[in-house]
>>> print(open('protein_6.csv').read())   # CSV, C-alpha atoms
chain,number,residue,atom,x,y,z
A,23,MET,CA,71.1,96.5,74.2
A,24,VAL,CA,72.6,95.6,77.6
A,25,ALA,CA,76.0,95.2,76.1
A,26,GLY,CA,75.7,98.6,74.4
A,27,CYS,CA,74.7,100.2,77.8
A,28,GLY,CA,77.7,98.6,79.4
A,29,ALA,CA,80.1,99.9,76.8
A,30,LEU,CA,78.6,103.4,77.2
A,31,VAL,CA,79.1,103.3,81.0
A,32,ILE,CA,82.8,102.3,80.4
A,33,LEU,CA,83.3,105.2,77.9
A,34,ILE,CA,81.7,107.7,80.3
A,35,ALA,CA,83.9,106.4,83.2
A,36,ILE,CA,87.0,106.8,81.1
A,37,ALA,CA,86.0,110.3,80.0
A,38,LEU,CA,85.5,111.4,83.6
A,39,PHE,CA,88.8,109.9,84.5
A,40,LEU,CA,90.6,111.7,81.7
A,41,SER,CA,88.8,115.0,82.5
A,42,SER,CA,91.2,115.4,85.5
A,43,ALA,CA,94.3,117.3,84.5
A,44,ARG,CA,96.2,115.5,87.3
A,45,HIS,CA,95.4,112.1,85.8
A,46,ARG,CA,96.3,113.2,82.3
A,47,ARG,CA,99.6,114.6,83.5
A,48,PHE,CA,100.4,111.4,85.5
A,49,TYR,CA,99.6,108.9,82.8
A,50,PHE,CA,100.3,110.8,79.6
A,51,GLY,CA,102.8,113.5,80.7
A,52,ARG,CA,100.7,116.5,80.0
A,53,GLY,CA,101.0,119.6,82.2
A,54,GLU,CA,98.2,120.7,84.6
A,55,GLU,CA,96.0,123.3,83.2
A,56,ARG,CA,96.3,126.8,84.6
A,57,GLY,CA,93.4,128.1,86.4
A,58,GLY,CA,91.6,124.8,86.2
A,59,ALA,CA,89.7,123.2,89.1
A,60,ASP,CA,92.3,120.4,89.4
A,61,VAL,CA,95.0,122.8,90.3
A,62,ALA,CA,93.3,124.0,93.5
A,63,ALA,CA,91.4,120.8,94.2
A,64,PRO,CA,92.2,118.4,97.1
A,65,ARG,CA,94.7,115.7,96.4
A,66,GLU,CA,93.4,113.0,94.1
A,67,PRO,CA,93.0,109.7,96.0
A,68,ALA,CA,93.7,107.4,93.0
A,69,ARG,CA,97.5,107.3,93.3
A,70,ALA,CA,97.5,107.4,97.1
A,71,ALA,CA,95.2,104.3,97.3
A,72,THR,CA,97.5,102.3,95.0
A,73,ILE,CA,99.6,101.4,97.9
A,74,ASP,CA,96.7,99.5,99.5
A,75,ARG,CA,97.8,96.3,97.9
A,76,VAL,CA,101.4,96.2,98.9
A,77,HIS,CA,100.3,93.3,101.1
A,78,ALA,CA,96.8,91.9,101.7
A,79,VAL,CA,95.5,92.6,105.2
A,80,THR,CA,95.6,89.3,107.0
A,81,PRO,CA,95.4,87.8,110.5
A,82,ALA,CA,98.6,87.5,112.6
A,83,VAL,CA,100.0,84.6,110.6
A,84,GLY,CA,100.4,85.6,107.0
A,85,PRO,CA,102.0,88.2,104.8
A,86,LYS,CA,102.6,91.7,106.3
A,87,PRO,CA,99.6,94.0,106.3
A,88,ALA,CA,98.8,96.4,103.4
A,89,MET,CA,100.7,99.6,103.0
A,90,ALA,CA,97.4,101.3,103.0
A,91,ALA,CA,95.7,104.6,102.8
A,92,THR,CA,92.6,103.1,104.4
A,93,THR,CA,91.7,101.7,107.7
A,94,PRO,CA,91.6,97.9,108.0
A,95,SER,CA,88.4,96.4,109.3
A,96,ALA,CA,86.9,93.0,110.0
A,97,SER,CA,85.6,93.0,106.5
A,98,SER,CA,89.0,93.9,105.0
A,99,VAL,CA,90.7,91.1,107.0
A,100,ALA,CA,88.3,88.6,105.5
A,101,HIS,CA,87.9,90.0,102.0
A,102,GLY,CA,90.9,92.3,101.3
A,103,PRO,CA,91.6,95.9,102.0
A,104,GLU,CA,88.9,98.6,101.7
A,105,LEU,CA,89.4,101.2,99.0
A,106,SER,CA,88.4,104.5,100.4
A,107,PRO,CA,90.4,107.8,99.9
A,108,PRO,CA,92.7,109.0,102.6
A,109,ASP,CA,92.0,112.0,104.7
A,110,VAL,CA,92.4,115.3,102.8
A,111,ARG,CA,94.7,117.8,104.5
A,112,ALA,CA,94.4,121.5,104.4
A,113,THR,CA,97.6,121.8,102.4
A,114,ARG,CA,98.8,119.3,99.8
A,115,PRO,CA,102.2,117.8,100.2
A,116,ARG,CA,104.7,119.0,97.6
A,117,THR,CA,105.3,116.5,94.8
A,118,PRO,CA,109.1,116.1,94.1
A,119,SER,CA,110.2,117.4,90.7
A,120,PRO,CA,113.4,117.0,88.7
A,121,ASP,CA,116.3,119.3,89.3
A,122,ALA,CA,118.5,120.8,86.7
A,123,ASP,CA,120.4,117.5,86.2
A,124,GLY,CA,117.2,115.4,86.0
A,125,ARG,CA,117.4,113.9,89.5
A,126,ILE,CA,114.2,113.6,91.5
A,127,ARG,CA,115.0,113.8,95.2
A,128,VAL,CA,112.3,112.4,97.5
A,129,PRO,CA,113.3,114.1,100.8
A,130,ILE,CA,112.6,112.4,104.2
A,131,THR,CA,111.0,115.7,105.1
A,132,ASP,CA,109.9,118.8,103.2
A,133,ASP,CA,110.8,121.0,106.1
A,134,ILE,CA,113.6,120.6,108.6
A,135,PRO,CA,112.4,121.5,112.1
A,136,ALA,CA,114.2,124.2,114.1
A,137,LEU,CA,114.7,121.8,117.0
A,138,LEU,CA,115.6,118.1,116.7
A,139,PRO,CA,114.5,115.4,117.5
A,140,GLU,CA,110.9,115.9,116.4
A,141,SER,CA,108.4,113.1,116.7
A,142,GLY,CA,105.7,112.3,114.3
A,143,PRO,CA,105.3,111.9,110.5
A,144,PRO,CA,107.7,114.2,108.6
A,145,ALA,CA,106.4,117.0,106.4
A,146,GLY,CA,105.3,115.7,103.0
A,147,TRP,CA,104.6,112.1,104.1
A,148,GLU,CA,101.4,110.3,105.1
A,149,LEU,CA,101.3,107.8,107.9
A,150,LYS,CA,99.2,104.6,108.1
A,151,GLU,CA,99.4,102.5,111.3
A,152,LEU,CA,98.5,98.9,110.4
A,153,ALA,CA,99.1,97.3,113.8
A,154,GLY,CA,100.2,98.8,117.1
A,155,GLN,CA,101.7,102.3,117.4
A,156,ALA,CA,104.3,103.9,115.0
A,157,MET,CA,107.3,105.5,116.6
A,158,ILE,CA,108.7,108.0,114.1
A,159,ALA,CA,111.1,111.0,114.5
A,160,LEU,CA,113.4,113.3,112.7
A,161,VAL,CA,116.8,113.2,114.4
A,162,ARG,CA,120.3,114.2,113.8
A,163,ASP,CA,122.6,111.2,113.3
A,164,GLU,CA,126.2,111.4,112.2
A,165,GLU,CA,126.0,114.9,111.0
A,166,ARG,CA,122.8,114.4,108.9
A,167,VAL,CA,119.1,114.8,109.5
A,168,ALA,CA,117.6,111.3,109.4
A,169,LEU,CA,114.3,109.6,109.6
A,170,GLN,CA,114.2,107.3,112.6
A,171,VAL,CA,111.6,104.5,112.5
A,172,ARG,CA,110.9,102.1,115.4
A,173,THR,CA,108.5,99.3,115.9
A,174,ASP,CA,107.6,97.1,118.9
A,175,ARG,CA,105.0,94.5,117.9
A,176,ALA,CA,103.7,97.1,115.4
A,177,SER,CA,103.5,97.7,111.7
A,178,PHE,CA,103.2,101.0,109.8
A,179,VAL,CA,104.0,102.7,106.5
A,180,LEU,CA,104.9,106.2,105.5
A,181,TYR,CA,104.1,107.1,101.9
A,182,ARG,CA,104.0,110.0,99.5
A,183,ASP,CA,103.3,110.7,95.8
A,184,VAL,CA,106.1,111.0,93.3
A,185,VAL,CA,105.9,110.9,89.5
A,186,VAL,CA,108.9,109.2,87.9
A,187,ASP,CA,109.4,108.1,84.3
A,188,LEU,CA,111.7,105.1,84.8
A,189,ARG,CA,112.8,105.4,81.2
A,190,GLN,CA,114.4,108.7,82.1
A,191,GLN,CA,115.3,108.1,85.8
A,192,PRO,CA,115.6,104.3,86.1
A,193,MET,CA,118.1,104.4,89.1
A,194,LEU,CA,117.1,104.7,92.7
A,195,GLU,CA,119.7,105.5,95.4
A,196,TRP,CA,119.2,105.9,99.2
A,197,GLN,CA,121.1,105.4,102.4
A,198,TRP,CA,119.8,103.6,105.5
A,199,LYS,CA,121.1,102.3,108.8
A,200,ALA,CA,119.6,99.4,110.8
A,201,ALA,CA,120.1,99.8,114.5
A,202,ARG,CA,118.1,96.7,115.6
A,203,LEU,CA,116.7,93.9,113.4
A,204,PRO,CA,113.6,91.9,114.3
A,205,VAL,CA,114.7,88.7,116.1
A,206,GLY,CA,113.6,85.7,114.0
A,207,GLY,CA,112.5,87.9,111.0
A,208,ASP,CA,112.6,86.0,107.7
A,209,ALA,CA,110.9,87.3,104.5
A,210,ARG,CA,110.7,83.7,103.2
A,211,SER,CA,108.2,82.8,105.9
A,212,PRO,CA,104.7,84.5,106.1
A,213,ALA,CA,104.7,83.9,109.9
A,214,ALA,CA,108.0,85.8,110.3
A,215,ASP,CA,107.9,88.4,107.5
A,216,ASP,CA,109.2,91.4,109.4
A,217,GLN,CA,111.9,93.9,108.6
A,218,ALA,CA,113.3,97.0,110.4
A,219,ALA,CA,113.1,98.9,107.1
A,220,GLN,CA,111.6,98.4,103.6
A,221,ILE,CA,111.5,100.7,100.6
A,222,TYR,CA,108.6,100.3,98.2
A,223,VAL,CA,108.1,101.8,94.7
A,224,VAL,CA,104.5,101.7,93.4
A,225,VAL,CA,103.8,101.7,89.7
A,226,PRO,CA,100.0,102.4,89.1
A,227,ARG,CA,98.4,100.5,86.3
A,228,TRP,CA,95.7,102.3,84.4
A,229,PRO,CA,92.7,102.2,84.4
A,230,PHE,CA,92.4,100.6,87.8
A,231,PRO,CA,95.4,101.8,89.8
A,232,ARG,CA,93.8,101.2,93.2
A,233,VAL,CA,93.7,97.4,92.7
A,234,ASN,CA,96.0,96.7,89.8
A,235,SER,CA,99.2,98.4,90.7
A,236,HIS,CA,102.7,96.7,90.6
A,237,VAL,CA,105.0,97.2,93.6
A,238,VAL,CA,108.7,96.7,93.8
A,239,GLY,CA,110.1,96.3,97.3
A,240,TYR,CA,113.6,96.5,98.7
A,241,LEU,CA,114.2,94.8,102.1
A,242,TRP,CA,116.7,94.8,104.9
A,243,ASP,CA,115.9,91.3,106.3
A,244,SER,CA,117.2,89.5,109.4
A,245,SER,CA,117.7,86.1,107.7
A,246,ALA,CA,116.8,85.8,104.0
A,247,PRO,CA,120.0,86.0,101.9
A,248,VAL,CA,120.9,89.1,99.8
A,249,GLY,CA,119.5,88.8,96.3
A,250,MET,CA,116.5,86.7,97.4
A,251,ARG,CA,113.4,87.5,95.4
A,252,ILE,CA,110.2,87.4,97.5
A,253,VAL,CA,106.8,86.8,95.8
A,254,ARG,CA,103.7,86.0,97.7
A,255,PRO,CA,101.1,83.8,96.0
A,256,ASP,CA,98.3,85.8,97.6
A,257,ALA,CA,99.8,89.2,96.6
A,258,PRO,CA,101.4,88.6,93.2
A,259,ASN,CA,101.4,92.4,92.5
A,260,VAL,CA,104.1,92.9,95.2
A,261,ARG,CA,107.6,91.5,94.5
A,262,SER,CA,110.5,92.3,96.7
A,263,ILE,CA,114.3,91.9,96.7
A,264,VAL,CA,116.4,91.4,99.8
A,265,VAL,CA,119.3,94.0,99.4
A,266,GLU,CA,120.7,93.7,103.0
A,267,SER,CA,120.6,90.8,105.4
A,268,GLY,CA,121.6,90.0,108.9
A,269,PRO,CA,123.4,91.9,111.6
A,270,GLU,CA,126.9,92.2,110.0
A,271,ARG,CA,126.4,95.8,108.9
A,272,VAL,CA,124.0,96.9,111.6
A,273,GLY,CA,125.0,100.3,113.0
A,274,ALA,CA,126.6,101.6,109.8
A,275,TRP,CA,125.1,103.9,107.2
A,276,ILE,CA,124.8,101.9,104.0
A,277,ARG,CA,124.4,103.3,100.5
A,278,GLU,CA,122.2,101.4,98.1
A,279,ARG,CA,121.7,101.8,94.4
A,280,ARG,CA,119.2,99.9,92.3
A,281,ASN,CA,118.1,100.0,88.7
A,282,VAL,CA,114.4,100.0,89.4
A,283,HIS,CA,113.5,99.7,85.7
A,284,ALA,CA,115.7,96.6,85.3
A,285,ASP,CA,114.3,95.1,88.6
A,286,TYR,CA,110.7,95.7,87.5
A,287,VAL,CA,111.3,94.0,84.1
A,288,GLU,CA,112.9,91.0,85.8
A,289,LEU,CA,110.2,90.7,88.5
A,290,PHE,CA,107.1,91.4,86.3
A,291,GLY,CA,108.3,90.4,82.8
A,292,GLN,CA,107.3,93.7,81.2
A,293,LYS,CA,108.3,97.3,81.0
A,294,PRO,CA,107.1,99.6,83.7
A,295,GLY,CA,104.8,102.6,83.5
A,296,ARG,CA,105.4,105.7,85.6
A,297,VAL,CA,106.1,105.5,89.3
A,298,GLY,CA,103.2,107.1,91.3
A,299,MET,CA,104.3,106.6,94.9
A,300,VAL,CA,107.0,105.5,97.2
A,301,GLY,CA,106.7,104.0,100.7
A,302,ILE,CA,108.8,103.4,103.8
A,303,MET,CA,107.7,100.5,106.0
A,304,SER,CA,108.7,99.0,109.3
A,305,ASP,CA,107.1,96.1,111.0
A,306,THR,CA,107.5,93.5,113.8
A,307,ASN,CA,103.9,92.5,114.2
A,308,HIS,CA,104.7,88.8,113.4
A,309,THR,CA,107.9,88.4,115.4
A,310,GLY,CA,106.5,90.4,118.3
A,311,GLY,CA,109.6,92.4,119.2
A,312,PRO,CA,111.4,95.7,118.7
A,313,ALA,CA,113.2,97.0,115.6
A,314,GLU,CA,114.8,100.3,114.7
A,315,ALA,CA,116.3,101.9,111.5
A,316,PHE,CA,117.3,105.2,110.1
A,317,LEU,CA,116.8,106.5,106.5
A,318,ASP,CA,118.0,109.3,104.4
A,319,ASP,CA,116.5,110.8,101.1
A,320,LEU,CA,115.6,108.7,98.2
A,321,VAL,CA,116.9,109.9,94.8
A,322,PHE,CA,115.7,108.8,91.3
A,323,PHE,CA,118.2,109.6,88.5
A,324,GLY,CA,119.3,108.6,85.0
A,325,ARG,CA,122.4,106.6,84.2
A,326,SER,CA,124.1,109.7,82.7
A,327,ALA,CA,123.8,111.5,86.1
A,328,GLY,CA,126.3,109.2,87.7
A,329,ASN,CA,126.3,109.6,91.5
A,330,ALA,CA,122.9,110.7,92.7
A,331,GLY,CA,124.4,113.3,95.0
A,332,PHE,CA,125.6,111.3,98.1
A,333,SER,CA,129.1,112.1,99.3
A,334,ASN,CA,129.3,109.5,102.1
A,335,LEU,CA,132.3,107.6,100.8
A,336,TYR,CA,132.2,105.2,103.8
A,337,ALA,CA,128.7,104.1,102.9
A,338,LYS,CA,129.6,103.9,99.2
A,339,ILE,CA,132.6,101.7,99.2
A,340,PRO,CA,131.1,98.7,101.0
A,341,ALA,CA,128.2,98.7,98.6
A,342,ILE,CA,130.5,98.5,95.6
A,343,LEU,CA,132.6,95.7,97.1
A,344,ARG,CA,129.5,93.7,97.9
A,345,GLY,CA,128.4,93.9,94.3
A,346,ASN,CA,125.2,95.8,95.0
A,347,HIS,CA,126.3,98.8,93.0
A,348,GLU,CA,124.4,99.0,89.7
A,349,PRO,CA,126.5,100.3,86.8
>>> encode(input="protein_6.csv", output="structure tokens")
Amino acid sequence: MVAGCGALVILIAIALFLSSARHRRFYFGRGEERGGADVAAPREPARAATIDRVHAVTPAVGPKPAMAATTPSASSVAHGPELSPPDVRATRPRTPSPDADGRIRVPITDDIPALLPESGPPAGWELKELAGQAMIALVRDEERVALQVRTDRASFVLYRDVVVDLRQQPMLEWQWKAARLPVGGDARSPAADDQAAQIYVVVPRWPFPRVNSHVVGYLWDSSAPVGMRIVRPDAPNVRSIVVESGPERVGAWIRERRNVHADYVELFGQKPGRVGMVGIMSDTNHTGGPAEAFLDDLVFFGRSAGNAGFSNLYAKIPAILRGNHEP
């Protein structure tokens, strides 16, 4: 009898979950129903909260804090991050969608301000400060509008929803520039695991995306060698790859291209589901100093699309010569 009641509760929970058109569209590719409550409802917290477990919230010596949509507390430090929904804004951020060529561009801002620089989180992104104060601005740098992220003994993450089928758009391309790396930063050491810039791709795993998601990270580290795979025993759902290392290319815009589908299969030993979120993180809360980086749009695309749309030849050539260019 007890077992039967338990099964009934599970079936009811699944039915409620699937009653949301947004959940059905995300996990099964079905369109949102016109005129339904979900179309006008506030943003669903399930996907936003999946980024909670990018890293477990820990004291000063340990892996970097969670890329979270929740506020760390004494309880979360001892027992893991709390799982409460983020604040609901009056207007929902736009979810990037494929263009005519099947590319999904995740812009660093949904709206370019009339005057630059402009401080604060860019339009379309959510901010979570994990330690200290985030220093974020949209600036003009080398004839482009760029996202500037700075930390000084701080840690924060910007994140936003994006739905990507990695079978159709397995490639991810972006440009970034490190202006200052954390002194002594080293992803191989929990006590020095700081980077000026990190890109995270979150793949929610149904039916418990809040606590069971897989996360692929790409790091610009101060010391760990390019190609190093980073896996934390206390956060096995987060697996990162060092794609840039050291000060040699600091000050130059670098174009990166990764096959996220292939990276996911290598890191997790299975094929990925759909991407549900991306994050940009910067932290120096372990090393206790300053860092600064600039970032441009992220673009998901298929192999047949070729170049994702960047025309910065200076940034493209070094990446190819270094062997970081995915075919």
>>> closest_atom_pairs(input="protein_6.csv", of="stretch 116-218 of chain A", to="stretch 231-252 of chain A", cutoff="10 Å", atoms="all atoms listed in the file", output="tab-separated table")
residue	atom	partner	partner_atom	distance
A:Trp198	CA	A:Trp242	CA	9.3
A:Lys199	CA	A:Trp242	CA	9.5
A:Ala200	CA	A:Trp242	CA	8.0
A:Arg202	CA	A:Ser244	CA	9.5
A:Leu203	CA	A:Ser244	CA	6.0
A:Pro204	CA	A:Ser244	CA	6.5
A:Val205	CA	A:Ser244	CA	7.2
A:Gly206	CA	A:Ser244	CA	7.0
A:Gly207	CA	A:Ser244	CA	5.2
A:Asp208	CA	A:Ser245	CA	5.1
A:Ala209	CA	A:Ala246	CA	6.1
A:Arg210	CA	A:Ala246	CA	6.5
A:Ser211	CA	A:Ala246	CA	9.3
A:Ala214	CA	A:Ser244	CA	10.0
A:Asp215	CA	A:Asp243	CA	8.6
A:Asp216	CA	A:Asp243	CA	7.4
A:Gln217	CA	A:Asp243	CA	5.3
A:Ala218	CA	A:Trp242	CA	6.8
>>> atom_distance(input="protein_6.csv", atom1="atom CA of A:Trp275", atom2="atom CA of A:Ser262")
21.4 Å
>>> atom_distance(input="protein_6.csv", atom1="atom CA of A:Arg127", atom2="atom CA of A:Ala201")
24.4 Å
>>> closest_residue(input="protein_6.csv", among="A:Val185, A:Trp196, A:Ser177, A:Gly291", to="A:Met303", atoms="all atoms listed in the file")
A:Ser177
>>> closest_residue(input="protein_6.csv", among="A:Ala136, A:Leu169, A:Ile158, A:Val186", to="A:Pro294", atoms="all atoms listed in the file")
A:Val186
>>> closest_residue(input="protein_6.csv", among="A:Val253, A:Leu317, A:Ala219, A:Leu194", to="A:Val297", atoms="all atoms listed in the file")
A:Leu194
>>> atom_distance(input="protein_6.csv", atom1="atom CA of A:Glu270", atom2="atom CA of A:Thr173")
20.6 Å
>>> residues_around(input="protein_6.csv", residues="A:Val282", least_positions_apart="6", cutoff="9 Å", atoms="only C-alpha atoms", output="PDB file with C-alpha atoms, in the coordinates of the input")
ATOM      1  CA  LEU A 188     111.700 105.100  84.800  1.00  0.00           C
ATOM      2  CA  GLN A 191     115.300 108.100  85.800  1.00  0.00           C
ATOM      3  CA  PRO A 192     115.600 104.300  86.100  1.00  0.00           C
ATOM      4  CA  MET A 193     118.100 104.400  89.100  1.00  0.00           C
ATOM      5  CA  LEU A 194     117.100 104.700  92.700  1.00  0.00           C
ATOM      6  CA  VAL A 223     108.100 101.800  94.700  1.00  0.00           C
ATOM      7  CA  VAL A 238     108.700  96.700  93.800  1.00  0.00           C
TER       8      VAL A 238
END
